[in-house]
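The file entry.cif contains mmCIF, C-alpha atoms and all ligand atoms:
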```cif
data_structure
loop_
_atom_site.label_atom_id
_atom_site.label_comp_id
_atom_site.auth_asym_id
_atom_site.auth_seq_id
_atom_site.Cartn_x
_atom_site.Cartn_y
_atom_site.Cartn_z
CA MET A 79 -35.52 -10.83 19.58
CA ASN A 80 -35.51 -13.74 21.92
CA SER A 81 -36.69 -12.08 25.10
CA SER A 82 -35.77 -15.17 27.08
CA VAL A 83 -32.13 -14.03 26.87
CA ASP A 84 -31.23 -13.45 30.48
CA PRO A 85 -29.77 -9.98 30.51
CA CYS A 86 -28.11 -10.58 33.83
CA GLN A 87 -26.32 -13.75 32.86
CA ASN A 88 -22.63 -13.57 33.45
CA GLY A 89 -21.79 -15.74 30.48
CA LEU A 90 -20.22 -13.90 27.55
CA LEU A 91 -21.79 -14.05 24.11
CA SER A 92 -19.58 -14.60 21.09
CA LEU A 93 -19.46 -11.71 18.64
CA ASP A 94 -21.16 -13.80 15.95
CA ASP A 95 -23.89 -14.79 18.35
CA ALA A 96 -24.41 -11.23 19.59
CA LEU A 97 -24.38 -9.78 16.09
CA GLY A 98 -26.71 -12.51 14.84
CA ARG A 99 -29.20 -11.75 17.58
CA ILE A 100 -28.95 -8.00 17.09
CA LEU A 101 -29.26 -8.10 13.30
CA GLY A 102 -32.02 -10.68 13.59
CA SER A 103 -34.07 -8.34 15.71
CA LEU A 104 -33.70 -5.25 13.50
CA SER A 105 -35.64 -4.59 10.34
CA PRO A 106 -34.86 -1.88 7.80
CA LEU A 107 -36.79 1.33 8.49
CA GLU A 108 -38.33 1.27 4.98
CA ALA A 109 -39.38 4.94 4.71
CA THR A 110 -38.08 6.44 1.47
CA GLU A 111 -37.45 9.87 0.00
CA GLN A 112 -36.43 11.38 -3.29
CA VAL A 113 -32.97 13.01 -3.39
CA THR A 114 -31.13 14.87 -6.11
CA LEU A 115 -27.93 13.39 -7.46
CA LYS A 116 -25.89 15.92 -5.52
CA GLN A 117 -27.29 14.47 -2.29
CA ALA A 118 -27.22 10.86 -3.40
CA THR A 119 -23.65 9.72 -2.67
CA GLY A 120 -23.58 7.24 0.20
CA ARG A 121 -27.35 6.88 0.27
CA ILE A 122 -29.09 3.54 -0.14
CA VAL A 123 -31.21 2.87 -3.19
CA ALA A 124 -34.86 2.03 -2.56
CA GLU A 125 -35.97 1.42 -6.16
CA THR A 126 -34.87 -0.67 -9.10
CA LEU A 127 -34.43 1.44 -12.21
CA ALA A 128 -34.78 0.26 -15.79
CA ALA A 129 -32.41 2.04 -18.19
CA PRO A 130 -34.58 4.38 -20.30
CA PHE A 131 -32.21 4.12 -23.27
CA ASP A 132 -28.97 2.51 -24.43
CA LEU A 133 -25.59 3.63 -23.16
CA PRO A 134 -23.78 4.82 -25.13
CA PRO A 135 -26.93 6.18 -26.78
CA PHE A 136 -25.27 6.03 -30.24
CA THR A 137 -22.28 4.22 -31.73
CA ASN A 138 -19.28 6.49 -31.48
CA SER A 139 -15.54 6.64 -31.85
CA ALA A 140 -13.12 5.60 -29.10
CA MET A 141 -10.24 7.49 -30.74
CA ASP A 142 -9.27 10.52 -32.75
CA GLY A 143 -8.86 9.18 -36.29
CA TYR A 144 -10.78 8.41 -39.47
CA ALA A 145 -14.10 6.59 -39.80
CA LEU A 146 -14.35 4.22 -42.75
CA PHE A 147 -15.84 0.99 -44.07
CA SER A 148 -13.32 -1.76 -43.39
CA GLU A 149 -14.13 -4.20 -46.19
CA GLY A 150 -12.30 -4.11 -49.51
CA LEU A 151 -9.38 -2.01 -48.31
CA ARG A 152 -5.90 -2.67 -49.66
CA PRO A 153 -2.54 -1.64 -48.17
CA GLY A 154 -1.33 1.72 -49.44
CA MET A 155 -4.81 2.54 -50.74
CA GLY A 156 -5.84 6.22 -50.70
CA LEU A 157 -9.23 7.41 -49.39
CA SER A 158 -10.83 10.80 -49.76
CA VAL A 159 -11.69 12.67 -46.59
CA ILE A 160 -15.27 13.85 -47.15
CA GLY A 161 -16.07 15.57 -43.84
CA LYS A 162 -15.76 15.73 -40.10
CA SER A 163 -17.64 14.19 -37.14
CA MET A 164 -16.99 15.90 -33.84
CA ALA A 165 -18.38 15.23 -30.36
CA GLY A 166 -21.71 17.06 -30.37
CA GLN A 167 -21.46 17.85 -34.12
CA PRO A 168 -22.10 14.67 -36.12
CA PHE A 169 -21.33 14.23 -39.81
CA GLU A 170 -24.69 14.13 -41.52
CA GLY A 171 -23.84 12.20 -44.70
CA ARG A 172 -22.95 8.60 -45.50
CA VAL A 173 -19.47 7.14 -45.96
CA LYS A 174 -19.04 5.08 -49.10
CA LYS A 175 -16.22 2.80 -50.29
CA GLY A 176 -13.10 4.83 -51.03
CA GLU A 177 -14.16 7.51 -48.55
CA CYS A 178 -13.55 8.34 -44.92
CA VAL A 179 -14.56 10.97 -42.36
CA ARG A 180 -12.30 12.75 -39.91
CA ILE A 181 -13.63 11.73 -36.46
CA PHE A 182 -12.89 12.58 -32.84
CA THR A 183 -13.38 10.65 -29.59
CA GLY A 184 -17.06 10.48 -28.61
CA ALA A 185 -18.31 11.66 -32.01
CA PRO A 186 -21.09 9.63 -33.66
CA LEU A 187 -19.91 7.06 -36.20
CA PRO A 188 -21.21 8.20 -39.60
CA GLU A 189 -23.57 5.95 -41.49
CA GLY A 190 -21.75 3.50 -43.72
CA ALA A 191 -18.64 3.37 -41.53
CA ASP A 192 -17.87 0.34 -39.36
CA SER A 193 -14.49 1.20 -37.87
CA VAL A 194 -12.09 3.97 -36.96
CA ILE A 195 -8.40 3.97 -37.76
CA MET A 196 -6.22 5.89 -35.33
CA GLN A 197 -4.77 9.06 -36.80
CA GLU A 198 -1.26 7.83 -35.88
CA GLU A 199 -1.75 4.96 -38.34
CA THR A 200 -2.49 7.17 -41.32
CA LEU A 201 -0.80 9.70 -43.60
CA VAL A 202 -2.81 12.70 -44.73
CA THR A 203 -2.04 14.94 -47.65
CA GLY A 204 -4.70 17.52 -48.34
CA ASN A 205 -7.96 15.57 -48.63
CA ARG A 206 -6.26 12.21 -49.27
CA LEU A 207 -5.77 9.65 -46.54
CA THR A 208 -3.30 6.77 -46.87
CA LEU A 209 -3.57 3.82 -44.50
CA LYS A 210 -0.34 2.61 -42.90
CA ARG A 211 -2.23 -0.44 -41.67
CA LEU A 212 -5.58 -1.99 -42.51
CA PRO A 213 -8.22 -1.60 -39.78
CA SER A 214 -10.37 -4.53 -38.74
CA LYS A 215 -14.15 -4.32 -38.57
CA GLY A 216 -15.37 -2.69 -35.34
CA GLU A 217 -11.94 -1.33 -34.43
CA ASN A 218 -12.00 1.70 -32.07
CA ILE A 219 -15.79 1.70 -32.02
CA ARG A 220 -17.97 2.04 -28.93
CA PRO A 221 -21.26 0.41 -29.97
CA ALA A 222 -24.63 1.80 -28.85
CA GLY A 223 -25.79 -0.17 -25.79
CA GLY A 224 -22.30 -1.59 -25.29
CA ASP A 225 -22.34 -0.45 -21.66
CA VAL A 226 -26.02 -0.52 -20.69
CA LYS A 227 -28.93 -1.91 -22.71
CA LYS A 228 -32.27 -0.07 -22.80
CA GLY A 229 -34.58 -1.71 -20.24
CA GLU A 230 -31.70 -3.26 -18.26
CA GLN A 231 -32.41 -3.31 -14.51
CA LEU A 232 -29.94 -1.22 -12.58
CA PHE A 233 -29.56 -0.22 -8.94
CA THR A 234 -31.30 -2.91 -6.99
CA ARG A 235 -32.75 -2.00 -3.60
CA GLY A 236 -30.17 -1.89 -0.89
CA LYS A 237 -27.25 -0.74 -3.02
CA ARG A 238 -25.07 2.01 -1.58
CA LEU A 239 -24.59 4.76 -4.12
CA ASN A 240 -20.97 5.55 -4.91
CA ALA A 241 -19.38 8.11 -7.23
CA ALA A 242 -19.66 5.83 -10.29
CA ASP A 243 -23.34 5.12 -9.53
CA VAL A 244 -24.07 8.83 -9.41
CA GLY A 245 -22.22 9.25 -12.72
CA LEU A 246 -24.21 6.38 -14.25
CA LEU A 247 -27.51 7.85 -13.06
CA ALA A 248 -26.60 11.18 -14.64
CA SER A 249 -25.63 9.43 -17.92
CA LEU A 250 -29.10 7.91 -17.95
CA GLY A 251 -30.71 11.31 -17.46
CA HIS A 252 -31.88 10.77 -13.87
CA ALA A 253 -31.71 13.99 -11.87
CA SER A 254 -32.96 12.31 -8.71
CA ILE A 255 -33.41 8.88 -7.17
CA THR A 256 -35.53 7.28 -4.46
CA VAL A 257 -33.45 6.27 -1.46
CA PHE A 258 -34.18 5.07 2.05
CA GLN A 259 -34.53 7.76 4.66
CA ARG A 260 -31.58 8.00 7.00
CA PRO A 261 -32.05 6.52 10.46
CA ARG A 262 -31.90 9.22 13.15
CA VAL A 263 -29.05 8.41 15.49
CA GLY A 264 -28.59 10.30 18.76
CA PHE A 265 -25.48 9.76 20.84
CA PHE A 266 -24.26 10.91 24.24
CA SER A 267 -21.43 10.18 26.63
CA THR A 268 -21.51 9.52 30.34
CA GLY A 269 -18.86 10.21 32.95
CA ASP A 270 -18.30 12.73 35.73
CA GLU A 271 -14.63 12.94 34.74
CA LEU A 272 -15.34 14.25 31.25
CA ARG A 273 -14.66 17.87 30.35
CA SER A 274 -15.90 19.59 27.25
CA LEU A 275 -13.32 21.01 24.89
CA GLY A 276 -12.47 24.62 25.69
CA LYS A 277 -12.96 24.13 29.45
CA PRO A 278 -9.93 23.89 31.76
CA LEU A 279 -8.89 20.42 32.90
CA THR A 280 -9.32 20.14 36.67
CA PRO A 281 -7.46 17.43 38.63
CA GLY A 282 -8.80 13.97 37.76
CA ALA A 283 -10.65 15.23 34.69
CA ILE A 284 -10.07 14.24 31.06
CA TYR A 285 -11.25 15.75 27.83
CA GLU A 286 -14.19 14.01 26.33
CA SER A 287 -13.20 12.24 23.10
CA ASN A 288 -15.82 9.59 22.43
CA ARG A 289 -18.49 11.89 21.11
CA TYR A 290 -16.04 13.34 18.59
CA GLN A 291 -14.96 9.90 17.51
CA LEU A 292 -18.54 8.72 17.20
CA GLN A 293 -19.53 11.78 15.24
CA SER A 294 -16.68 11.08 12.87
CA LEU A 295 -17.57 7.39 12.51
CA LEU A 296 -21.20 8.25 11.86
CA THR A 297 -20.31 10.74 9.13
CA ALA A 298 -19.36 7.85 6.86
CA LEU A 299 -22.82 6.29 7.13
CA PRO A 300 -26.22 7.20 5.68
CA VAL A 301 -27.59 8.32 9.04
CA GLU A 302 -28.73 11.62 10.47
CA SER A 303 -26.71 11.97 13.65
CA THR A 304 -27.36 14.23 16.63
CA ASP A 305 -24.91 14.92 19.42
CA LEU A 306 -26.92 14.72 22.64
CA GLY A 307 -24.06 15.89 24.85
CA GLN A 308 -22.71 14.56 28.13
CA VAL A 309 -24.57 13.07 31.06
CA PRO A 310 -23.21 12.89 34.60
CA ASP A 311 -22.96 9.57 36.45
CA ARG A 312 -26.30 9.94 38.21
CA LEU A 313 -29.44 7.95 37.55
CA GLU A 314 -31.92 10.85 37.33
CA PRO A 315 -30.23 12.85 34.56
CA LEU A 316 -29.47 9.63 32.72
CA LEU A 317 -33.10 8.52 32.82
CA GLN A 318 -34.15 11.91 31.60
CA ARG A 319 -31.71 11.98 28.69
CA LEU A 320 -32.64 8.45 27.63
CA HIS A 321 -36.33 9.20 27.86
CA GLU A 322 -36.02 12.31 25.70
CA ALA A 323 -33.70 10.63 23.21
CA GLY A 324 -36.05 7.64 22.82
CA ARG A 325 -38.87 9.86 21.63
CA ASN A 326 -37.33 11.15 18.42
CA HIS A 327 -34.51 8.81 17.41
CA ASP A 328 -34.34 5.45 15.72
CA VAL A 329 -31.08 4.59 17.43
CA ILE A 330 -29.47 5.85 20.62
CA LEU A 331 -25.81 5.33 21.38
CA SER A 332 -24.14 6.01 24.69
CA THR A 333 -20.57 5.57 25.81
CA GLY A 334 -19.31 4.71 29.28
CA GLY A 335 -21.11 3.39 32.30
CA ALA A 336 -21.80 0.09 30.62
CA SER A 337 -19.94 -2.34 32.88
CA VAL A 338 -20.56 -3.30 36.47
CA GLY A 339 -18.81 -0.53 38.39
CA GLU A 340 -20.67 1.57 40.92
CA ALA A 341 -21.03 4.45 38.49
CA ASP A 342 -22.18 2.17 35.67
CA LEU A 343 -25.78 3.11 35.54
CA LEU A 344 -26.75 2.38 31.99
CA GLU A 345 -27.94 -1.13 32.70
CA LYS A 346 -30.10 0.06 35.56
CA ALA A 347 -31.53 2.95 33.54
CA LEU A 348 -32.29 0.82 30.51
CA LYS A 349 -34.09 -1.79 32.55
CA ARG A 350 -36.13 0.96 34.20
CA LEU A 351 -37.18 2.61 30.91
CA GLY A 352 -37.10 -0.09 28.27
CA GLN A 353 -35.76 -3.55 27.61
CA LEU A 354 -32.23 -4.81 27.90
CA TYR A 355 -31.50 -7.75 25.61
CA LEU A 356 -27.90 -8.63 26.15
CA TRP A 357 -24.69 -7.47 27.56
CA LYS A 358 -21.07 -8.56 27.54
CA VAL A 359 -19.67 -9.78 24.28
CA ALA A 360 -16.54 -11.92 24.23
CA ILE A 361 -14.37 -9.44 22.35
CA LYS A 362 -11.32 -7.48 23.35
CA PRO A 363 -11.48 -4.61 23.68
CA GLY A 364 -15.15 -3.89 24.12
CA LYS A 365 -16.57 -6.52 26.44
CA PRO A 366 -19.29 -4.49 28.16
CA LEU A 367 -21.94 -3.80 25.57
CA LEU A 368 -25.60 -3.20 26.16
CA PHE A 369 -28.26 -3.67 23.54
CA GLY A 370 -31.90 -2.98 24.02
CA LYS A 371 -34.92 -0.93 23.19
CA LEU A 372 -36.30 2.33 24.46
CA GLY A 373 -39.78 2.82 23.08
CA LYS A 374 -39.30 2.52 19.32
CA ALA A 375 -35.61 3.35 19.45
CA TRP A 376 -32.85 0.77 19.47
CA PHE A 377 -30.25 1.35 22.14
CA PHE A 378 -26.54 0.48 22.11
CA GLY A 379 -24.58 1.15 25.27
CA LEU A 380 -20.93 1.18 24.28
CA PRO A 381 -18.02 0.95 26.70
CA GLY A 382 -16.22 4.12 27.80
CA ASN A 383 -12.70 3.39 26.65
CA PRO A 384 -12.11 5.11 23.32
CA VAL A 385 -10.62 2.10 21.52
CA SER A 386 -13.49 -0.07 22.75
CA VAL A 387 -15.86 2.48 21.25
CA HIS A 388 -14.16 2.09 17.87
CA VAL A 389 -14.24 -1.71 18.05
CA THR A 390 -17.85 -2.07 19.22
CA PHE A 391 -19.02 0.59 16.80
CA SER A 392 -17.35 -0.99 13.79
CA GLN A 393 -18.17 -4.60 14.68
CA ILE A 394 -21.70 -4.22 16.00
CA VAL A 395 -23.23 -0.77 15.65
CA ARG A 396 -22.17 -0.13 12.07
CA PRO A 397 -23.63 -3.36 10.61
CA ALA A 398 -26.80 -2.69 12.61
CA LEU A 399 -27.02 0.84 11.19
CA TRP A 400 -26.42 -0.45 7.66
CA LYS A 401 -29.28 -2.89 8.11
CA LEU A 402 -31.66 -0.28 9.55
CA ALA A 403 -30.69 2.09 6.76
CA GLY A 404 -31.77 -0.49 4.15
CA ALA A 405 -28.37 -1.68 2.89
CA SER A 406 -28.35 -5.18 1.45
CA SER A 407 -24.79 -5.97 2.48
CA PHE A 408 -22.77 -4.99 5.48
CA LYS A 409 -19.94 -7.44 5.89
CA PRO A 410 -16.58 -5.72 6.19
CA LEU A 411 -13.86 -6.78 3.79
CA ARG A 412 -11.29 -9.02 5.50
CA ILE A 413 -8.07 -10.33 4.03
CA GLN A 414 -5.21 -12.59 5.03
CA ALA A 415 -1.89 -10.93 5.77
CA ARG A 416 1.50 -12.28 6.85
CA CYS A 417 2.87 -11.00 10.16
CA THR A 418 6.20 -9.23 9.99
CA HIS A 419 6.60 -9.48 13.79
CA ASP A 420 5.25 -11.67 16.58
CA LEU A 421 1.78 -10.84 17.92
CA HIS A 422 0.98 -11.51 21.55
CA LYS A 423 -2.37 -12.64 22.88
CA THR A 424 -3.84 -14.55 25.81
CA PRO A 425 -6.44 -17.16 24.85
CA GLY A 426 -9.98 -16.18 25.81
CA ARG A 427 -11.70 -13.51 23.78
CA LEU A 428 -11.81 -12.64 20.10
CA GLU A 429 -9.29 -9.80 19.80
CA PHE A 430 -9.18 -6.77 17.56
CA GLN A 431 -5.58 -5.58 17.71
CA ARG A 432 -4.56 -2.42 15.96
CA GLY A 433 -2.04 -2.75 13.14
CA ILE A 434 -0.65 -1.48 9.89
CA VAL A 435 -1.27 -3.53 6.78
CA ARG A 436 0.77 -3.04 3.63
CA VAL A 437 0.75 -4.64 0.21
CA GLY A 438 4.27 -5.19 -1.10
CA GLU A 439 5.46 -5.00 -4.70
CA ASN A 440 4.92 -8.75 -4.98
CA GLY A 441 1.24 -8.19 -4.14
CA GLU A 442 1.48 -9.89 -0.77
CA ALA A 443 -0.23 -8.28 2.23
CA THR A 444 1.86 -8.03 5.37
CA VAL A 445 0.86 -6.66 8.75
CA ARG A 446 2.48 -5.54 11.95
CA GLY A 447 0.86 -4.88 15.29
CA LEU A 448 1.37 -1.51 16.93
CA ALA A 449 2.73 -0.89 20.39
CA GLY A 450 0.11 0.22 22.89
CA GLN A 451 -2.80 -2.19 22.63
CA GLY A 452 -4.63 -0.92 25.72
CA SER A 453 -8.28 0.00 25.23
CA HIS A 454 -7.51 3.55 26.38
CA GLN A 455 -4.65 4.02 23.91
CA LEU A 456 -5.98 6.13 21.08
CA LYS A 457 -2.56 6.88 19.62
CA SER A 458 -2.02 3.39 18.20
CA LEU A 459 -5.59 3.39 16.87
CA SER A 460 -4.83 6.67 15.18
CA GLN A 461 -1.65 5.23 13.62
CA ALA A 462 -3.34 1.99 12.57
CA ASN A 463 -5.01 1.30 9.24
CA CYS A 464 -6.52 -2.06 10.16
CA TYR A 465 -7.67 -4.44 12.82
CA ILE A 466 -5.78 -7.67 13.24
CA ILE A 467 -8.45 -10.19 14.18
CA LEU A 468 -7.24 -12.99 16.41
CA PRO A 469 -9.69 -15.80 17.24
CA PRO A 470 -10.60 -16.54 20.88
CA GLU A 471 -8.38 -19.59 21.22
CA SER A 472 -5.38 -17.92 19.56
CA LYS A 473 -2.19 -17.45 21.57
CA GLY A 474 -0.99 -14.78 19.17
CA ALA A 475 0.99 -15.31 15.99
CA LYS A 476 4.64 -15.73 15.15
CA SER A 477 6.37 -13.61 12.57
CA GLY A 478 5.73 -15.23 9.16
CA GLU A 479 2.35 -16.66 10.12
CA THR A 480 -0.82 -15.49 8.42
CA VAL A 481 -3.58 -13.63 10.25
CA LEU A 482 -6.93 -12.11 9.37
CA VAL A 483 -6.98 -8.35 8.84
CA GLU A 484 -9.83 -5.87 8.44
CA PRO A 485 -8.78 -2.62 6.77
CA PHE A 486 -10.35 0.51 8.24
CA THR A 487 -11.40 2.00 4.95
CA CYS A 488 -15.04 1.17 4.76
CA LEU A 489 -14.83 -1.47 2.06
CA LEU A 490 -17.74 -3.85 2.14
CA THR A 491 -18.20 -7.15 0.45
CA ASN A 492 -21.18 -7.63 -1.84
CA ASP A 493 -21.71 -11.30 -1.17
CA ASP A 494 -24.46 -11.25 1.37
P1 LIG B 501 -16.45 3.58 31.87
O1 LIG B 501 -16.89 2.52 30.91
O2 LIG B 501 -17.45 4.64 32.05
O3 LIG B 501 -16.01 2.96 33.17
O4 LIG B 501 -15.19 4.25 31.23
C1 LIG B 501 -14.02 3.51 30.97
C2 LIG B 501 -12.86 4.43 30.69
O5 LIG B 501 -13.12 5.20 29.54
C3 LIG B 501 -12.57 5.42 31.79
O6 LIG B 501 -11.17 5.55 31.91
C4 LIG B 501 -13.19 6.69 31.31
O7 LIG B 501 -12.58 7.84 31.84
C5 LIG B 501 -12.98 6.60 29.82
N1 LIG B 501 -14.03 7.34 29.11
C6 LIG B 501 -15.34 7.17 29.32
N2 LIG B 501 -16.05 8.01 28.53
C7 LIG B 501 -15.14 8.70 27.81
C8 LIG B 501 -15.25 9.72 26.82
N3 LIG B 501 -16.44 10.15 26.42
N4 LIG B 501 -14.12 10.21 26.29
C9 LIG B 501 -12.92 9.74 26.69
N5 LIG B 501 -12.76 8.80 27.61
C10 LIG B 501 -13.84 8.27 28.19
MG MG B 502 -17.75 6.16 33.33
#
```

Could you render the structure as structure tokens?
Amino acid sequence: MNSSVDPCQNGLLSLDDALGRILGSLSPLEATEQVTLKQATGRIVAETLAAPFDLPPFTNSAMDGYALFSEGLRPGMGLSVIGKSMAGQPFEGRVKKGECVRIFTGAPLPEGADSVIMQEETLVTGNRLTLKRLPSKGENIRPAGGDVKKGEQLFTRGKRLNAADVGLLASLGHASITVFQRPRVGFFSTGDELRSLGKPLTPGAIYESNRYQLQSLLTALPVESTDLGQVPDRLEPLLQRLHEAGRNHDVILSTGGASVGEADLLEKALKRLGQLYLWKVAIKPGKPLLFGKLGKAWFFGLPGNPVSVHVTFSQIVRPALWKLAGASSFKPLRIQARCTHDLHKTPGRLEFQRGIVRVGENGEATVRGLAGQGSHQLKSLSQANCYIILPPESKGAKSGETVLVEPFTCLLTNDD
């Protein structure tokens, strides 16, 4: 991290610049652990595995039908059915010319056979099979090693394990895998106006929502998250909470108190206890953002408004957590979509408006912005399924124009 960055500068950093600096200063945590397949989904692979055998391990049938040798067959020719090969119960003998073996999907192809004719394309009377059509060599066969070759390198470091990966590992006989340990993320909220759920709302108070939202956002990531509660808008308790949190977390997140109001103490506290690297990013919503270090822990001070929390988390904190957690890619998927209505914007900051993206029957993505784009308006965020990303200089978009959209489902590109 370039420590010459003046934390008190009033100039705003672009999102790319801020993210570049933040990601540039973080390194993956590196510590690894062994987990069973049941715990592996969503975790990040720390080892490259060589396939211990071919997949499929043996050549087998892709259909229910009859296994035979395809050469020398003539239309209308009769074959004798000499046995059966079932999944888990192979036929032990050899198929010769003029013979065939009843076979089911997944059953090993008997020796001598090179293809399987679908049962629908045959007529069977007793032990005699008549072909309605001549099969070609290799038809309905799944060759050994056709999916994975023995020795093939799979699961490079940094890959996030999904359901198919876990299935593939099991197919290869791996009951466990080495993954990166999950970064420990502690989060707390600040604000004298915040009430815990279950307590009555007194005049001027609001129910705390950011910690619930953060908890939910963190659930989708390979991190171990701890709710560190609420902190009042006073320096002493804030210093104490930060000090404690810095001792046993890799990352600390706070919400609120990050701008320049009288009760915005995060900046002061962070400077007192650790280092503050930057603040204020030219995005809307979410301008006040603190980034720094508290002992060994990285610190992100998010704004208080709930929509700003979502934006800063998804645009800055999430990629940072992916990197710390060892992931090799963390760029969100973005697509172009055509606006069905006008979008309004004042030139200045990069904006993340909340919208609904759809893909029509013609395959074209269209998007509309939702009413209620204030940074306090959780309802439109809750109705949205994407961000509409409007560049700083944009004055909005007219209906029919194309804009950039980032779907909320956590799809990530693999190209970095
Ligand atoms: P702040 O950044 O602390 O000035 O907060 C900005 C706005 O977000 C204020 O309206 C706060 O009441 C609201 N806010 C701050 N923290 C939370 C929270 N944890 N849950 C819901 N709203 C919050
Ligand atoms: Mg506050």

Problem set entry | Site check for ligand LIG 501 (chain B): residues at most 8 Å away, all atoms listed in the file, as an MDAnalysis selection string | chainID A and resid 267:269 271:272 284:289 308 333:337 339 341:342 366 380:384 454

Exercise. Hey, what's within 12 Å of Gln318 of chain A if we count all atoms listed in the file and toss same-chain stuff fewer than 2 positions away? As an MDAnalysis selection string, please?
Worked result: chainID A and resid 306 309:310 312:316 320:325 347:348 350:351

For this session: Determine, counting all atoms listed in the file, which protein, DNA and RNA residues have an atom within 7 Å of an atom of segment 389-402 of chain A; residues of the same chain fewer than 2 positions away are not included. Present the result as a list of chain:residue names.
Result: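 My list of contacting residues is A:Leu97, A:Leu101, A:Leu104, A:Ser105, A:Pro106, A:Leu107, A:Pro261, A:Pro363, A:Gly364, A:Leu380, A:Val385, A:Ser386, A:Val387, A:Gly404, A:Ala405, A:Phe408.
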
Exercise. In Å, with one decimal, what is the gap from atom CA of Thr200 of chain A to atom CA of Ile181 of chain A?
Worked result: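 Taking atom CA of Thr200 of chain A and atom CA of Ile181 of chain A, their separation equals 13.0 Å.
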
Problem set entry | Nearby residues (all atoms listed in the file) at most 6 Å from Leu367 of chain A, same-chain spacing under 4 positions excluded, as an MDAnalysis selection string | chainID A and resid 357:358 379:380

Exercise. If we count all atoms listed in the file, what is near Lys476 of chain A at a cut-off of 8 Å, once residues fewer than 5 positions away on the same chain are taken out, given as a ChimeraX atom specification?
Worked result: /A:417,419-421

For this session: Could you tell me which of A:Leu115, A:Ile160, A:Leu187, A:Ala475 comes closest to Pro135 of chain A if we count all atoms listed in the file?
Result: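 Looking at the shortest contact to Pro135 of chain A, the residue is A:Leu187.
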
Exercise. Near segment 291-302 of chain A, within 6 Å and counting all atoms listed in the file, which residues show up once chain neighbours fewer than 4 positions away are dropped, as a list in words?
Worked result: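 In the requested form, the answer reads Arg121, Arg260, Pro261, Arg262 and Val263 of chain A.
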
For this session: Tell me, in Å to one decimal, how far atom CA of Leu127 of chain A is from atom CA of Val113 of chain A.
Result: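 One can read the atom CA of Leu127 of chain A to atom CA of Val113 of chain A distance as 14.6 Å.
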
Exercise. Do you know which residues lie at most 6 Å from (-26.7, 9.0, 20.4), with coordinates as in the file and all atoms listed in the file counted, and could you write them as a ChimeraX atom specification?
Worked result: /A:263-266,330-332

For this session: Have a look at A:Glu340, A:Leu354, A:Glu479, A:Val257 and name the one nearest to ligand MG 502 (chain B); count only C-alpha atoms and all ligand atoms.
Result: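 Nearest candidate to ligand MG 502 (chain B) out of A:Glu340, A:Leu354, A:Glu479, A:Val257: A:Glu340.
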
For this session: Can you work out the spacing between atom CA of Gly216 of chain A and atom CA of Ser249 of chain A in Å, to one decimal?
Result: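 Calculated distance between atom CA of Gly216 of chain A and atom CA of Ser249 of chain A is 23.6 Å.
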
For this session: Could you tell me which of A:Asp311, A:Glu439, A:Gly161, A:Ala449 comes closest to ligand MG 502 (chain B) if we count only C-alpha atoms and all ligand atoms?
Result: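 Nearest candidate to ligand MG 502 (chain B) out of A:Asp311, A:Glu439, A:Gly161, A:Ala449: A:Asp311.
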
Exercise. Which is closer to ligand MG 502 (chain B) than all the others in A:Gln414, A:Val437, A:Asp270, A:Lys215, using all atoms listed in the file?
Worked result: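 Closest candidate: A:Asp270.
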
Problem set entry | Shortest interatomic distance to ligand MG 502 (chain B) - which of A:Gly373, A:Gln461, A:Ala283, A:Ala242, counting only C-alpha atoms and all ligand atoms |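 Distance minimum relative to ligand MG 502 (chain B) lands on A:Ala283.
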
Exercise. Which residue gives the smallest distance to ligand MG 502 (chain B) among A:Val338, A:Leu411, A:Ile255, A:Leu372, with only C-alpha atoms and all ligand atoms counted?
Worked result: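 Smallest distance to ligand MG 502 (chain B) is found for A:Val338.
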